[in-house]
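S.K.: There's a structure below that I have some questions on.
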Amino acid sequence: MRILISNDDGYLAPGLAALADALAAIAEVVVVAPDSNRSGASNSLSLDRPLSVQQAANGCYFVNGTPTDCVHVALTGLLDYRPDLVVSGINNGQNMGDDTLYSGTVAAATEAYLFGIPAIAFSQVDHGWQHIDAAARMARDIVQRRFDGLASPFLLNVNIPNLPYEALGPLRATRLGRRHPSEPVIRAQDPRGRDIYWIGPPGACLDAGEGTDFHATAQGAVSITPLQIDLTHKAELAMLARGLA
Ligand code: MN
């Protein structure tokens with residue numbers, strides 16, 4: 001099995017190294033990751049400039065672009081083979097509910113999925129890399145499951161609580177929860193007295209009920225959500241059509 005690994009925290013992130021080390025034991029791995037932290041990059045492609053690919057001493061490729069750029073370049077030019085699986089992460093912090101729309105971690109996996117390759121995004125729920133080795137071992141367990149029963153390609157979003165391996169709960173199939181709208185921007189002044197704005201924190205949980213990713217991870221379980229990309233609001237389609245007739 002050949003696995004392409006990317007992330008959005010950048011090629012020096014501990015979560016990426018832990019994931020690559022864990023998967024190297026079961027597969028041939030190649031890492032293509034952003035040269036800096038691109039968390040929140042979503043599915044953006046860099047169309048206004050060329051991309052450079054460099055290789056670190058450990059063999060990892062790094063790109064002056066977004067997570068989506070990395071996977072796109074890897075699949076359409078850099079690699080001379082088609083990976084069997086693309087994984088992303090392990091992200092420093094959760095990607096649950098509405099986070100998935102902004103996440104560069106999920107976006108890297110999504111890019112592979114759009115190219116017809118099965119993909120899994122991995123995130124640790126809390127920031128700080130506590131128990132990252134346990135999360136990497138769990139990620140390897142999940143990759144080894146193969147998910148042959150799912151339609152191919154599949155796109156899975158996995159969130160792992162920051163717990164020792166033995167303390168991690170069961171794998172649980174979940175749906176995305178929902179968040180309240182984000183907190184307001186934080187206004188400050190730059191050294192020249194001009195107003196500047198920092199994007200504020202994400203909103204609190206709105207739907208964290210049973211069955212959601214929020215609910216599962218709060219109980220110590222490992223949340224696995226199958227994602228799809230068709231944004232069509234199917235329930236509104238007929239209503240719109242009637243309104244237009
Ligand atoms: Mn990140």
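Labels used: A, B, ... for chains in the order of the structure tokens, numbers from 1 for residues in each chain, and numbers from 1 for ligands as shown.
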As an NGL selection string, please: the residues near region 189-202 of chain A (cut-off 9 Å, only C-alpha atoms, same-chain neighbours under 4 positions excluded).

M.R.: :A and (99 or 179-185)

S.K.: Take the residues from that selection and put them in a file with all heavy atoms, as a PDB file, in the first residue's frame.

M.R.:
```pdb
ATOM      1  N   ASP A  99     -16.366  23.272  11.671  1.00  0.00           N
ATOM      2  CA  ASP A  99     -14.918  23.443  11.463  1.00  0.00           C
ATOM      3  C   ASP A  99     -14.470  22.827  10.147  1.00  0.00           C
ATOM      4  O   ASP A  99     -13.490  23.280   9.540  1.00  0.00           O
ATOM      5  CB  ASP A  99     -14.100  22.741  12.559  1.00  0.00           C
ATOM      6  CG  ASP A  99     -14.468  23.155  13.962  1.00  0.00           C
ATOM      7  OD1 ASP A  99     -15.080  24.226  14.129  1.00  0.00           O
ATOM      8  OD2 ASP A  99     -14.124  22.407  14.899  1.00  0.00           O
ATOM      9  N   ARG A 179     -22.034  24.291  15.161  1.00  0.00           N
ATOM     10  CA  ARG A 179     -21.594  25.329  16.090  1.00  0.00           C
ATOM     11  C   ARG A 179     -22.461  26.572  15.954  1.00  0.00           C
ATOM     12  O   ARG A 179     -23.052  26.819  14.900  1.00  0.00           O
ATOM     13  CB  ARG A 179     -20.141  25.746  15.780  1.00  0.00           C
ATOM     14  CG  ARG A 179     -19.084  24.715  16.140  1.00  0.00           C
ATOM     15  CD  ARG A 179     -17.705  25.337  15.973  1.00  0.00           C
ATOM     16  NE  ARG A 179     -16.630  24.389  16.162  1.00  0.00           N
ATOM     17  CZ  ARG A 179     -16.145  24.010  17.342  1.00  0.00           C
ATOM     18  NH1 ARG A 179     -16.661  24.506  18.456  1.00  0.00           N
ATOM     19  NH2 ARG A 179     -15.161  23.152  17.414  1.00  0.00           N
ATOM     20  N   HIS A 180     -22.510  27.346  17.015  1.00  0.00           N
ATOM     21  CA  HIS A 180     -23.031  28.705  16.905  1.00  0.00           C
ATOM     22  C   HIS A 180     -22.085  29.502  16.012  1.00  0.00           C
ATOM     23  O   HIS A 180     -20.930  29.106  15.811  1.00  0.00           O
ATOM     24  CB  HIS A 180     -23.086  29.367  18.289  1.00  0.00           C
ATOM     25  CG  HIS A 180     -24.190  28.855  19.168  1.00  0.00           C
ATOM     26  ND1 HIS A 180     -25.510  29.190  18.968  1.00  0.00           N
ATOM     27  CD2 HIS A 180     -24.163  28.018  20.232  1.00  0.00           C
ATOM     28  CE1 HIS A 180     -26.258  28.590  19.890  1.00  0.00           C
ATOM     29  NE2 HIS A 180     -25.467  27.870  20.667  1.00  0.00           N
ATOM     30  N   PRO A 181     -22.540  30.651  15.483  1.00  0.00           N
ATOM     31  CA  PRO A 181     -21.613  31.486  14.702  1.00  0.00           C
ATOM     32  C   PRO A 181     -20.364  31.827  15.515  1.00  0.00           C
ATOM     33  O   PRO A 181     -20.403  31.861  16.749  1.00  0.00           O
ATOM     34  CB  PRO A 181     -22.432  32.736  14.397  1.00  0.00           C
ATOM     35  CG  PRO A 181     -23.848  32.280  14.451  1.00  0.00           C
ATOM     36  CD  PRO A 181     -23.891  31.206  15.502  1.00  0.00           C
ATOM     37  N   SER A 182     -19.275  32.086  14.801  1.00  0.00           N
ATOM     38  CA  SER A 182     -18.000  32.388  15.456  1.00  0.00           C
ATOM     39  C   SER A 182     -18.118  33.600  16.372  1.00  0.00           C
ATOM     40  O   SER A 182     -18.978  34.461  16.184  1.00  0.00           O
ATOM     41  CB  SER A 182     -16.935  32.687  14.403  1.00  0.00           C
ATOM     42  OG  SER A 182     -16.668  31.536  13.642  1.00  0.00           O
ATOM     43  N   GLU A 183     -17.240  33.647  17.347  1.00  0.00           N
ATOM     44  CA  GLU A 183     -17.122  34.835  18.197  1.00  0.00           C
ATOM     45  C   GLU A 183     -16.682  36.024  17.343  1.00  0.00           C
ATOM     46  O   GLU A 183     -16.096  35.846  16.276  1.00  0.00           O
ATOM     47  CB  GLU A 183     -16.084  34.563  19.285  1.00  0.00           C
ATOM     48  CG  GLU A 183     -16.451  33.411  20.222  1.00  0.00           C
ATOM     49  CD  GLU A 183     -17.684  33.716  21.050  1.00  0.00           C
ATOM     50  OE1 GLU A 183     -17.787  34.848  21.564  1.00  0.00           O
ATOM     51  OE2 GLU A 183     -18.555  32.835  21.173  1.00  0.00           O
ATOM     52  N   PRO A 184     -16.940  37.261  17.814  1.00  0.00           N
ATOM     53  CA  PRO A 184     -16.570  38.448  17.011  1.00  0.00           C
ATOM     54  C   PRO A 184     -15.053  38.560  16.826  1.00  0.00           C
ATOM     55  O   PRO A 184     -14.277  37.981  17.581  1.00  0.00           O
ATOM     56  CB  PRO A 184     -17.079  39.618  17.863  1.00  0.00           C
ATOM     57  CG  PRO A 184     -18.040  39.036  18.829  1.00  0.00           C
ATOM     58  CD  PRO A 184     -17.631  37.612  19.051  1.00  0.00           C
ATOM     59  N   VAL A 185     -14.683  39.318  15.801  1.00  0.00           N
ATOM     60  CA  VAL A 185     -13.257  39.608  15.617  1.00  0.00           C
ATOM     61  C   VAL A 185     -12.738  40.390  16.820  1.00  0.00           C
ATOM     62  O   VAL A 185     -13.499  41.065  17.532  1.00  0.00           O
ATOM     63  CB  VAL A 185     -12.971  40.432  14.343  1.00  0.00           C
ATOM     64  CG1 VAL A 185     -13.230  39.609  13.102  1.00  0.00           C
ATOM     65  CG2 VAL A 185     -13.764  41.726  14.347  1.00  0.00           C
TER      66      VAL A 185
END
```

S.K.: Show me which residues line ligand 1, defined as having an atom within 6 Å of a ligand atom where only C-alpha atoms and all ligand atoms count, and present them as a ChimeraX atom specification.

M.R.: /A:8-9,39,91-92

S.K.: Write the selection just made, keeping N, CA and C atoms, as a compact mmCIF listing (two decimals), in the first residue's frame?

M.R.:
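As a result, selection31.txt now contains:
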```
# COMPACT_ATOMS: atom_id res chain seq x y z
N ASP A 8 -2.11 20.50 7.46
CA ASP A 8 -2.20 21.96 7.31
C ASP A 8 -1.36 22.70 8.34
N ASP A 9 -0.78 21.98 9.30
CA ASP A 9 0.06 22.64 10.31
C ASP A 9 1.50 22.86 9.83
N SER A 39 -3.29 26.39 8.69
CA SER A 39 -4.57 26.04 9.29
C SER A 39 -5.63 27.06 8.89
N ASN A 91 -3.89 16.73 12.91
CA ASN A 91 -4.00 18.15 13.18
C ASN A 91 -3.91 18.48 14.67
N ASN A 92 -3.34 19.64 14.93
CA ASN A 92 -3.24 20.20 16.28
C ASN A 92 -4.55 20.87 16.63
```

S.K.: Residues within 10 Å of Tyr11 (chain A), please, as a list in words. Count only C-alpha atoms; anything in the same chain fewer than 3 positions from it doesn't count.

M.R.: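 Contacts, with the query itself left out: Ser6, Asn7, Asp8, Pro14, Gly15, Leu16, Ala17, Val31, Val32, Ala33, Pro34, Asp35, Ser36, Asn37, Ala56, Cys60, Tyr61, Phe62 and Val63 of chain A.
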
S.K.: How would the residues just chosen look if you wrote them out with N, CA and C atoms as a PDB file, in the first residue's frame?

M.R.:
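Saved the output as out-v2.pdb:
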```pdb
ATOM      1  N   SER A   6      -0.327  14.434   4.022  1.00  0.00           N
ATOM      2  CA  SER A   6      -0.191  15.888   4.050  1.00  0.00           C
ATOM      3  C   SER A   6      -0.795  16.399   5.365  1.00  0.00           C
ATOM      4  N   ASN A   7      -0.806  17.704   5.525  1.00  0.00           N
ATOM      5  CA  ASN A   7      -1.428  18.296   6.714  1.00  0.00           C
ATOM      6  C   ASN A   7      -1.653  19.783   6.453  1.00  0.00           C
ATOM      7  N   ASP A   8      -2.108  20.498   7.464  1.00  0.00           N
ATOM      8  CA  ASP A   8      -2.197  21.962   7.309  1.00  0.00           C
ATOM      9  C   ASP A   8      -1.361  22.703   8.342  1.00  0.00           C
ATOM     10  N   PRO A  14       4.713  18.247  14.755  1.00  0.00           N
ATOM     11  CA  PRO A  14       4.861  16.938  15.407  1.00  0.00           C
ATOM     12  C   PRO A  14       3.783  15.933  15.004  1.00  0.00           C
ATOM     13  N   GLY A  15       2.582  16.395  14.746  1.00  0.00           N
ATOM     14  CA  GLY A  15       1.508  15.477  14.374  1.00  0.00           C
ATOM     15  C   GLY A  15       1.752  14.809  13.037  1.00  0.00           C
ATOM     16  N   LEU A  16       2.397  15.530  12.136  1.00  0.00           N
ATOM     17  CA  LEU A  16       2.730  14.966  10.820  1.00  0.00           C
ATOM     18  C   LEU A  16       3.809  13.898  10.966  1.00  0.00           C
ATOM     19  N   ALA A  17       4.828  14.207  11.737  1.00  0.00           N
ATOM     20  CA  ALA A  17       5.922  13.244  11.932  1.00  0.00           C
ATOM     21  C   ALA A  17       5.414  11.980  12.606  1.00  0.00           C
ATOM     22  N   VAL A  31       5.518  12.122   2.094  1.00  0.00           N
ATOM     23  CA  VAL A  31       4.937  13.304   2.732  1.00  0.00           C
ATOM     24  C   VAL A  31       5.099  14.510   1.820  1.00  0.00           C
ATOM     25  N   VAL A  32       3.990  15.199   1.553  1.00  0.00           N
ATOM     26  CA  VAL A  32       4.014  16.463   0.814  1.00  0.00           C
ATOM     27  C   VAL A  32       3.155  17.435   1.609  1.00  0.00           C
ATOM     28  N   ALA A  33       3.779  18.406   2.245  1.00  0.00           N
ATOM     29  CA  ALA A  33       3.067  19.248   3.210  1.00  0.00           C
ATOM     30  C   ALA A  33       3.430  20.724   3.007  1.00  0.00           C
ATOM     31  N   PRO A  34       2.616  21.624   3.524  1.00  0.00           N
ATOM     32  CA  PRO A  34       2.908  23.056   3.380  1.00  0.00           C
ATOM     33  C   PRO A  34       4.187  23.443   4.131  1.00  0.00           C
ATOM     34  N   ASP A  35       4.846  24.498   3.628  1.00  0.00           N
ATOM     35  CA  ASP A  35       6.106  24.940   4.260  1.00  0.00           C
ATOM     36  C   ASP A  35       5.861  25.745   5.535  1.00  0.00           C
ATOM     37  N   SER A  36       4.600  26.077   5.822  1.00  0.00           N
ATOM     38  CA  SER A  36       4.283  26.829   7.039  1.00  0.00           C
ATOM     39  C   SER A  36       2.886  26.434   7.482  1.00  0.00           C
ATOM     40  N   ASN A  37       2.479  26.944   8.622  1.00  0.00           N
ATOM     41  CA  ASN A  37       1.167  26.589   9.155  1.00  0.00           C
ATOM     42  C   ASN A  37       0.065  27.241   8.312  1.00  0.00           C
ATOM     43  N   ALA A  56      13.151  18.046   2.351  1.00  0.00           N
ATOM     44  CA  ALA A  56      13.900  18.135   3.604  1.00  0.00           C
ATOM     45  C   ALA A  56      14.846  16.937   3.730  1.00  0.00           C
ATOM     46  N   CYS A  60      10.937  14.360   3.366  1.00  0.00           N
ATOM     47  CA  CYS A  60       9.626  15.009   3.280  1.00  0.00           C
ATOM     48  C   CYS A  60       9.667  16.166   2.272  1.00  0.00           C
ATOM     49  N   TYR A  61       8.657  16.211   1.385  1.00  0.00           N
ATOM     50  CA  TYR A  61       8.541  17.338   0.454  1.00  0.00           C
ATOM     51  C   TYR A  61       7.755  18.463   1.130  1.00  0.00           C
ATOM     52  N   PHE A  62       8.203  19.703   0.905  1.00  0.00           N
ATOM     53  CA  PHE A  62       7.402  20.826   1.395  1.00  0.00           C
ATOM     54  C   PHE A  62       7.206  21.857   0.298  1.00  0.00           C
ATOM     55  N   VAL A  63       6.021  22.474   0.336  1.00  0.00           N
ATOM     56  CA  VAL A  63       5.507  23.301  -0.756  1.00  0.00           C
ATOM     57  C   VAL A  63       5.119  24.669  -0.208  1.00  0.00           C
TER      58      VAL A  63
END
```

S.K.: I'd like to know which of A:Arg146, A:Leu156, A:Pro161, A:Thr225 is closest to His127 (chain A), using only C-alpha atoms.

M.R.: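 Among the listed residues, the smallest separation from His127 (chain A) belongs to A:Pro161.
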
S.K.: Where in region 81-195 of chain A does DSSP assign strand (DSSP E), given as a count of residues only?

M.R.: 30

S.K.: If you run DSSP over the backbone, which residues in region 11-229 of chain A end up alpha helix (DSSP H)? Put them as a count of residues only.

M.R.: 52

S.K.: Which of these residues is nearest to Ile229 (chain A), using only C-alpha atoms: A:Trp129, A:Phe154, A:Phe122, A:Phe147?

M.R.: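 Among A:Trp129, A:Phe154, A:Phe122, A:Phe147, it is A:Phe154 that comes nearest to Ile229 (chain A).
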
S.K.: With only C-alpha atoms as the atoms that count, which of A:Arg2, A:His215, A:His72, A:Arg242 lies nearest to Arg178 (chain A)?

M.R.: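 The answer is A:His215, which sits nearest to Arg178 (chain A).
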
S.K.: In Å, how far is it from CA of Leu85 (chain A) to CA of Leu176 (chain A)?

M.R.: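 These two atoms are separated by 22.6 Å.
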
S.K.: Of the candidates A:Leu231, A:Ala121, A:Val222, A:Met96, which one gets nearest to Asp207 (chain A) if we count only C-alpha atoms?

M.R.: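 The answer is A:Met96, which sits nearest to Asp207 (chain A).
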
S.K.: Which residue gives the smallest distance to Gly65 (chain A) among A:Leu163, A:Ile90, A:Ala108, A:Ile26, with only C-alpha atoms counted?

M.R.: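 Ranked by minimum distance to Gly65 (chain A), first place goes to A:Ala108.
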
S.K.: Which one is closest to Ala167 (chain A): A:Gly93, A:Ile5, A:Val86, A:His131? Count only C-alpha atoms.

M.R.: A:His131

S.K.: Tell me, as number ranges by chain, which residues lie within 8 Å of Ala109 (chain A), counting only C-alpha atoms; anything in the same chain fewer than 6 positions away does not count.

M.R.: A: 86-88, 119-121, 155
